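Below is the file coords26.cif, which contains mmCIF, C-alpha atoms.
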data_model
#
loop_
_atom_site.label_atom_id
_atom_site.label_comp_id
_atom_site.auth_asym_id
_atom_site.auth_seq_id
_atom_site.Cartn_x
_atom_site.Cartn_y
_atom_site.Cartn_z
CA MET V 1 3.86 2.05 -18.72
CA ALA V 2 7.28 0.70 -17.77
CA THR V 3 7.54 -2.88 -16.54
CA GLY V 4 9.52 -4.10 -13.57
CA ARG V 5 11.95 -6.16 -15.62
CA THR V 6 13.08 -3.48 -18.04
CA HIS V 7 13.23 -0.45 -15.76
CA ARG V 8 14.64 -0.11 -12.28
CA PRO V 9 14.12 2.78 -9.87
CA ALA V 10 16.59 5.60 -10.27
CA THR V 11 19.50 5.05 -7.93
CA ARG V 12 21.34 7.84 -6.18
CA SER V 13 25.06 8.22 -5.86
CA ARG V 14 24.71 8.38 -2.07
CA GLY V 15 23.51 5.30 -0.27
CA ILE V 16 20.28 5.29 1.70
CA PRO V 17 20.53 3.21 4.90
CA GLU V 18 18.38 0.08 5.06
CA ALA V 19 16.74 1.38 8.24
CA THR V 20 15.63 4.48 6.34
CA VAL V 21 14.35 2.40 3.41
CA ALA V 22 12.30 0.33 5.87
CA ARG V 23 10.62 3.49 7.18
CA LEU V 24 9.80 5.03 3.79
CA PRO V 25 6.62 2.92 3.37
CA LEU V 26 5.46 4.13 6.80
CA TYR V 27 5.88 7.74 5.74
CA LEU V 28 4.16 7.04 2.43
CA ARG V 29 1.17 5.45 4.16
CA ALA V 30 0.80 8.45 6.48
CA LEU V 31 1.23 10.91 3.62
CA THR V 32 -1.30 9.09 1.45
CA ALA V 33 -3.86 9.37 4.25
CA LEU V 34 -3.18 13.11 4.47
CA SER V 35 -3.44 13.46 0.69
CA GLU V 36 -6.81 11.71 0.69
CA ARG V 37 -8.01 14.31 3.21
CA SER V 38 -6.68 17.11 0.94
CA VAL V 39 -4.14 18.25 3.54
CA PRO V 40 -1.60 20.41 1.61
CA THR V 41 1.31 20.55 4.07
CA VAL V 42 2.42 18.73 7.20
CA SER V 43 5.02 19.47 9.87
CA SER V 44 7.77 17.00 10.69
CA GLU V 45 6.27 16.52 14.16
CA GLU V 46 2.81 15.71 12.79
CA LEU V 47 4.11 13.35 10.12
CA ALA V 48 6.49 11.63 12.54
CA ALA V 49 3.63 11.02 14.99
CA ALA V 50 1.45 9.60 12.20
CA ALA V 51 4.28 7.28 11.09
CA GLY V 52 5.25 6.24 14.62
CA VAL V 53 8.80 7.65 14.65
CA ASN V 54 10.42 10.70 16.23
CA SER V 55 10.71 13.91 14.25
CA ALA V 56 14.52 14.03 14.37
CA LYS V 57 14.72 10.60 12.75
CA LEU V 58 12.17 11.64 10.12
CA ARG V 59 14.14 14.77 9.21
CA LYS V 60 17.33 12.70 8.93
CA ASP V 61 15.57 10.14 6.71
CA PHE V 62 14.24 12.86 4.42
CA SER V 63 17.69 14.42 4.14
CA TYR V 64 18.80 11.26 2.28
CA LEU V 65 16.08 12.02 -0.27
CA GLY V 66 17.24 15.61 -0.62
CA SER V 67 13.92 16.80 0.79
CA TYR V 68 13.83 19.61 3.31
CA GLY V 69 10.73 21.21 4.72
CA THR V 70 10.08 24.95 4.78
CA ARG V 71 10.39 26.51 8.23
CA GLY V 72 6.98 27.58 9.48
CA VAL V 73 5.23 25.73 6.63
CA GLY V 74 6.37 22.11 6.75
CA TYR V 75 6.51 19.57 3.96
CA ASP V 76 4.44 19.62 0.79
CA VAL V 77 2.34 16.44 1.06
CA GLU V 78 1.81 15.76 -2.65
CA TYR V 79 5.46 16.34 -3.48
CA LEU V 80 6.60 13.97 -0.73
CA VAL V 81 4.13 11.30 -1.90
CA TYR V 82 5.66 11.53 -5.37
CA GLN V 83 9.24 11.70 -4.11
CA ILE V 84 8.96 8.66 -1.82
CA SER V 85 6.96 6.69 -4.41
CA ARG V 86 9.68 7.34 -6.97
CA GLU V 87 12.43 6.36 -4.54
CA LEU V 88 10.62 3.10 -3.74
CA GLY V 89 10.05 2.38 -7.42
CA LEU V 90 6.28 2.66 -7.15
CA THR V 91 5.89 4.96 -10.14
CA GLN V 92 6.40 1.86 -12.29
CA ASP V 93 4.33 -1.23 -12.95
CA TRP V 94 5.72 -4.23 -11.08
CA PRO V 95 4.25 -7.58 -12.22
CA VAL V 96 4.15 -10.09 -9.37
CA VAL V 97 3.50 -13.85 -9.27
CA ILE V 98 2.07 -15.58 -6.22
CA VAL V 99 3.07 -19.23 -5.83
CA GLY V 100 0.93 -21.35 -3.51
CA ILE V 101 -2.78 -20.59 -3.67
CA GLY V 102 -3.96 -22.05 -0.38
CA ASN V 103 -5.82 -19.94 2.17
CA LEU V 104 -2.96 -17.46 2.54
CA GLY V 105 -2.15 -17.27 -1.16
CA ALA V 106 -5.81 -16.71 -2.00
CA ALA V 107 -6.04 -13.97 0.62
CA LEU V 108 -3.00 -12.27 -0.90
CA ALA V 109 -4.50 -12.56 -4.37
CA ASN V 110 -7.66 -10.84 -3.12
CA TYR V 111 -5.75 -8.03 -1.42
CA GLY V 112 -6.81 -4.80 -3.09
CA GLY V 113 -3.78 -2.79 -2.02
CA PHE V 114 -1.37 -4.18 -4.61
CA ALA V 115 -2.67 -2.28 -7.64
CA SER V 116 -2.88 1.06 -5.83
CA ARG V 117 0.75 0.73 -4.74
CA GLY V 118 2.37 -0.07 -8.07
CA PHE V 119 2.09 -3.88 -8.05
CA ARG V 120 0.11 -5.98 -10.51
CA VAL V 121 -0.65 -9.65 -9.79
CA ALA V 122 0.36 -11.11 -13.13
CA ALA V 123 -0.24 -14.78 -12.28
CA LEU V 124 -1.31 -17.20 -9.58
CA ILE V 125 0.53 -20.52 -9.53
CA ASP V 126 -0.14 -23.74 -7.62
CA ALA V 127 1.14 -27.33 -7.71
CA ASP V 128 -2.31 -28.89 -7.29
CA PRO V 129 -3.66 -29.96 -10.72
CA ALA V 130 -7.20 -29.58 -9.36
CA MET V 131 -6.58 -25.85 -8.90
CA ALA V 132 -5.55 -25.25 -12.53
CA GLY V 133 -7.99 -22.98 -14.31
CA LYS V 134 -9.95 -22.07 -11.19
CA PRO V 135 -10.36 -18.30 -10.84
CA VAL V 136 -9.14 -16.64 -7.65
CA ALA V 137 -9.71 -12.89 -7.42
CA GLY V 138 -10.68 -13.06 -11.10
CA ILE V 139 -7.34 -14.60 -12.12
CA PRO V 140 -7.19 -18.25 -13.30
CA VAL V 141 -4.71 -20.35 -11.33
CA GLN V 142 -1.92 -21.88 -13.42
CA HIS V 143 0.10 -25.00 -12.71
CA THR V 144 3.70 -24.88 -11.47
CA ASP V 145 4.80 -26.81 -14.59
CA ASP V 146 4.41 -23.51 -16.47
CA LEU V 147 6.21 -21.34 -13.90
CA GLU V 148 9.24 -20.46 -16.01
CA LYS V 149 7.17 -19.58 -19.08
CA ILE V 150 4.79 -17.47 -16.98
CA ILE V 151 7.67 -15.47 -15.55
CA GLU V 152 9.23 -14.92 -18.96
CA ASP V 153 5.95 -13.99 -20.66
CA ASN V 154 5.02 -11.46 -17.96
CA GLY V 155 8.46 -9.99 -17.35
CA VAL V 156 8.24 -10.83 -13.64
CA SER V 157 11.05 -9.88 -11.26
CA ILE V 158 9.14 -10.15 -7.95
CA GLY V 159 7.79 -13.45 -6.65
CA VAL V 160 5.64 -14.17 -3.59
CA ILE V 161 5.99 -17.61 -1.98
CA ALA V 162 2.99 -18.79 0.05
CA THR V 163 3.65 -22.52 -0.14
CA PRO V 164 4.15 -25.00 2.72
CA ALA V 165 7.67 -24.87 4.17
CA GLY V 166 8.76 -28.12 2.52
CA ALA V 167 8.14 -26.81 -0.99
CA ALA V 168 9.42 -23.26 -0.52
CA GLN V 169 13.12 -23.75 -1.34
CA GLN V 170 12.42 -25.66 -4.55
CA VAL V 171 9.97 -22.96 -5.64
CA CYS V 172 12.52 -20.31 -4.73
CA ASP V 173 15.22 -22.03 -6.78
CA ARG V 174 12.95 -22.17 -9.82
CA LEU V 175 11.92 -18.54 -9.45
CA VAL V 176 15.54 -17.42 -9.25
CA ALA V 177 16.60 -19.60 -12.19
CA ALA V 178 13.77 -18.07 -14.24
CA GLY V 179 14.98 -14.54 -13.54
CA VAL V 180 13.15 -13.44 -10.40
CA THR V 181 15.45 -11.23 -8.30
CA SER V 182 13.18 -10.27 -5.38
CA ILE V 183 11.14 -12.65 -3.24
CA LEU V 184 8.56 -12.07 -0.52
CA ASN V 185 8.51 -15.26 1.54
CA PHE V 186 5.48 -16.21 3.64
CA ALA V 187 6.57 -19.82 4.06
CA PRO V 188 7.80 -20.64 7.60
CA THR V 189 11.35 -21.41 6.55
CA VAL V 190 14.58 -19.61 5.73
CA LEU V 191 15.40 -19.53 2.03
CA SER V 192 18.88 -19.81 0.55
CA VAL V 193 19.43 -17.50 -2.42
CA PRO V 194 22.45 -16.39 -4.45
CA ASP V 195 23.97 -12.93 -4.28
CA GLY V 196 21.87 -10.36 -6.08
CA VAL V 197 18.54 -11.83 -4.97
CA ASP V 198 16.65 -10.00 -2.22
CA VAL V 199 14.38 -11.89 0.18
CA ARG V 200 11.94 -10.40 2.66
CA LYS V 201 10.43 -12.85 5.12
CA VAL V 202 6.99 -12.48 6.69
CA ASP V 203 6.48 -14.97 9.53
CA LEU V 204 3.30 -14.43 11.52
CA SER V 205 4.29 -16.97 14.19
CA ILE V 206 7.51 -15.06 14.89
CA GLU V 207 5.58 -11.81 15.22
CA LEU V 208 3.21 -13.46 17.72
CA GLN V 209 6.16 -14.86 19.68
CA ILE V 210 7.68 -11.38 19.93
CA LEU V 211 4.35 -10.05 21.21
CA ALA V 212 4.24 -12.90 23.75
CA PHE V 213 7.70 -11.87 24.95
CA HIS V 214 6.54 -8.29 25.51
CA GLU V 215 3.37 -9.47 27.25
CA GLN V 216 5.44 -11.64 29.58
CA ARG V 217 7.81 -8.77 30.29
CA LYS V 218 4.91 -6.42 31.07
CA ALA V 219 3.47 -9.01 33.43
CA GLY V 220 6.85 -9.27 35.16
CA GLU V 221 7.08 -5.51 35.56
CA GLU V 222 3.67 -5.51 37.24
CA THR V 223 4.76 -8.12 39.81
CA PRO V 224 5.36 -6.48 43.23
CA ALA V 225 8.98 -6.11 44.29
CA GLY V 226 10.32 -8.97 46.38
CA ASP V 227 8.29 -11.66 44.63
CA GLY V 228 11.43 -13.21 43.24
CA VAL V 229 10.88 -11.99 39.68
CA LEU V 230 13.96 -10.45 38.14
CA PRO V 231 13.65 -7.32 35.99
CA ALA V 232 13.52 -8.13 32.29
CA ALA V 233 17.08 -6.95 31.65
CA ALA V 234 18.52 -8.94 34.56
CA SER V 235 16.61 -12.10 33.65
CA ARG V 236 18.31 -12.20 30.27
CA GLY V 237 21.76 -11.40 31.66
CA ALA V 238 21.82 -7.81 30.42
CA THR V 239 25.04 -5.87 30.80
CA ALA V 240 26.37 -2.48 29.91
CA ASP V 241 27.34 -3.97 26.55
CA ASP V 242 23.71 -4.50 25.52
CA SER V 243 24.00 -1.48 23.24
CA ALA V 244 25.81 -3.79 20.83
CA ASP V 245 22.45 -5.34 20.02
CA GLN V 246 21.00 -2.07 18.81
CA GLY V 247 20.13 -1.35 15.22
CA PRO V 248 21.83 1.29 13.07
CA ASP V 249 19.68 4.07 14.53
CA GLY V 250 19.99 2.97 18.13
CA ASP V 251 16.75 0.99 18.15
CA VAL V 252 16.65 -2.72 18.88
CA PRO V 253 14.98 -4.10 15.76
CA ALA V 254 11.74 -5.93 16.52
CA VAL V 255 12.20 -8.26 13.57
CA MET V 256 15.47 -9.04 11.89
CA PRO V 257 15.38 -8.93 8.07
CA ALA V 258 15.56 -12.26 6.34
#
Turn the structure described in the file into structure tokens.
Amino acid sequence: MATGRTHRPATRSRGIPEATVARLPLYLRALTALSERSVPTVSSEELAAAAGVNSAKLRKDFSYLGSYGTRGVGYDVEYLVYQISRELGLTQDWPVVIVGIGNLGAALANYGGFASRGFRVAALIDADPAMAGKPVAGIPVQHTDDLEKIIEDNGVSIGVIATPAGAAQQVCDRLVAAGVTSILNFAPTVLSVPDGVDVRKVDLSIELQILAFHEQRKAGEETPAGDGVLPAAASRGATADDSADQGPDGDVPAVMPA
């Protein structure tokens, strides 16, 4: 089986928008559920509803893949699973290292969804000498002193950072220097990386703050008129130019990419 370091997903001459790439995993999740129920075909409307998008956007996204459904029949589920998996690079074996084996890192190590989606946890790494050798999810934890050798020996190009914020940048720098070119960052800090290195940030506190904003807005909308509460748009100084804040497909992104 190919490894992540020696083989990259096939690239297409036409570019696929980042917004479309971000939705491909949603389609794949919905399609996988259909496949597990032995559903042979699905309409764009049904698949869009399962993925939480509108059907016009779905059809546009699939046009970038060169995939068009058959009128009156829909899309072939198994073929789309393969096509999207290939586009995302999931038909390969991607070795991953997780750095920082605290509560979050241990939870990630125990997550069973990695292997079924093309990712193999090649190593768990932590700075605490007391953790060295202890098995987590059946994998012995290794010390950060060996980080570079671990990456080289396992051909790793994807690193997961689950360290405290103060240690994250130093870990990131070492990962990049050792050859890692993609990083999933769970540490509550913004990482600085050179060109050619991709970072995706997962910050649970930010997600909760966004939910709090929407809860507050809903509470404001429920307040009877005349109570001195401005509509959400007015309270933030909204103008006719607010469309400038929209994403590439006209949607205001809930979370900005790192």
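Residues within 7 Å of range 130-137 of chain V, counting only C-alpha atoms and excluding same-chain residues fewer than 6 positions away, are Ala106, Ala109, Asn110 and His143 of chain V.
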Convert the output of the PyMOL selection byres ((chain V and resi 33) around 12) on the shown file into explicit residues, formatted as a PyMOL selection string.
chain V and resi 26-32+34-40+42+47+50-51+77-78+81
How big is the axis-aligned box, and where does its centre sit, when it encloses all atoms of range 140-148 of chain V listed in the file and has 3 Å added on every side, reported in Å to one decimal as JSON?
{"center_x": 1.0, "center_y": -22.5, "center_z": -13.9, "size_x": 22.4, "size_y": 14.6, "size_z": 11.1}
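A straight line drawn from CA of Gln92 in chain V to CA of Val180 in chain V is 16.8 Å long.
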Closest to Val21 in chain V among V:Val190, V:Leu208, V:Ala49, V:Leu58, using all atoms listed in the file?
V:Leu58
Evaluate the PyMOL selection byres ((chain V and resi 88) around 9) against this structure - the residues, as a PDB file with C-alpha atoms, keeping the file's coordinate frame, please.
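Here's the written file part_35.pdb:
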ATOM      1  CA  PRO V   9      14.120   2.780  -9.870  1.00  0.00           C
ATOM      2  CA  VAL V  21      14.350   2.400   3.410  1.00  0.00           C
ATOM      3  CA  LEU V  24       9.800   5.030   3.790  1.00  0.00           C
ATOM      4  CA  PRO V  25       6.620   2.920   3.370  1.00  0.00           C
ATOM      5  CA  GLN V  83       9.240  11.700  -4.110  1.00  0.00           C
ATOM      6  CA  ILE V  84       8.960   8.660  -1.820  1.00  0.00           C
ATOM      7  CA  SER V  85       6.960   6.690  -4.410  1.00  0.00           C
ATOM      8  CA  ARG V  86       9.680   7.340  -6.970  1.00  0.00           C
ATOM      9  CA  GLU V  87      12.430   6.360  -4.540  1.00  0.00           C
ATOM     10  CA  GLY V  89      10.050   2.380  -7.420  1.00  0.00           C
ATOM     11  CA  LEU V  90       6.280   2.660  -7.150  1.00  0.00           C
ATOM     12  CA  THR V  91       5.890   4.960 -10.140  1.00  0.00           C
TER      13      THR V  91
END
CA of Val199 in chain V to CA of Tyr64 in chain V, straight-line distance in Å:
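Separating CA of Tyr64 in chain V from CA of Val199 in chain V is a distance of 23.7 Å.
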I'd like the neighbourhood of Phe114 in chain V as a PyMOL selection string, where a residue qualifies if any of its atoms comes within 10 Å (using all atoms listed in the file), though same-chain residues fewer than 6 positions away should be ignored.
chain V and resi 94+96+108+120-121
From the options V:Ser63, V:Gln142, V:Ser55, V:Ser44, which residue's atoms come nearest to Gly15 in chain V, counting only C-alpha atoms?
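Using only C-alpha atoms, Gly15 in chain V sits closest to V:Ser63.
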Please compute the CA of Glu148 in chain V-CA of Val202 in chain V distance, one decimal, in Å.
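Straight-line distance from CA of Glu148 in chain V to CA of Val202 in chain V works out to 24.2 Å.
With all atoms listed in the file as the atoms that count, the minimum distance from Lys201 in chain V to the choices V:Val176, V:Ala167, V:Ile161, V:Ala48 is reached by V:Ile161.
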Using all atoms listed in the file, which protein or nucleic acid residues come within 12 Å of Leu184 in chain V? Drop anything in the same chain fewer than 5 positions from it, and give the result as a list of chain:residue names.
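Contacts, in chain order: V:Val96, V:Val97, V:Ile98, V:Val99, V:Gly105, V:Leu108, V:Ser157, V:Ile158, V:Gly159, V:Val160, V:Ile161, V:Ala162, V:Thr163, V:Ala168, V:Cys172, V:Leu175, V:Val190, V:Leu191, V:Val197, V:Asp198, V:Val199, V:Arg200, V:Lys201, V:Val202, V:Asp203, V:Pro257, V:Ala258.
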Assuming the chain letters and numbering stay as they are in my file, what does the PyMOL selection byres ((chain V and resi 146) around 12) actually select? List them as a list in words.
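Output of the PyMOL selection byres ((chain V and resi 146) around 12): Val99, Ala123, Leu124, Ile125, Asp126, Ala127, Pro129, Ala132, Val141, Gln142, His143, Thr144, Asp145, Leu147, Glu148, Lys149, Ile150, Ile151, Glu152, Asp153, Arg174, Leu175 and Ala178 of chain V.
For the choices V:Asn185, V:Thr20, V:Ser43, V:Gln169, the atom-to-atom distance to Tyr68 in chain V is smallest for V:Ser43 when using only C-alpha atoms.
Of the listed residues (V:Ala19, V:Ile101, V:Ile139, V:Ile210), V:Ile101 comes nearest to Pro164 in chain V; the distances count only C-alpha atoms.
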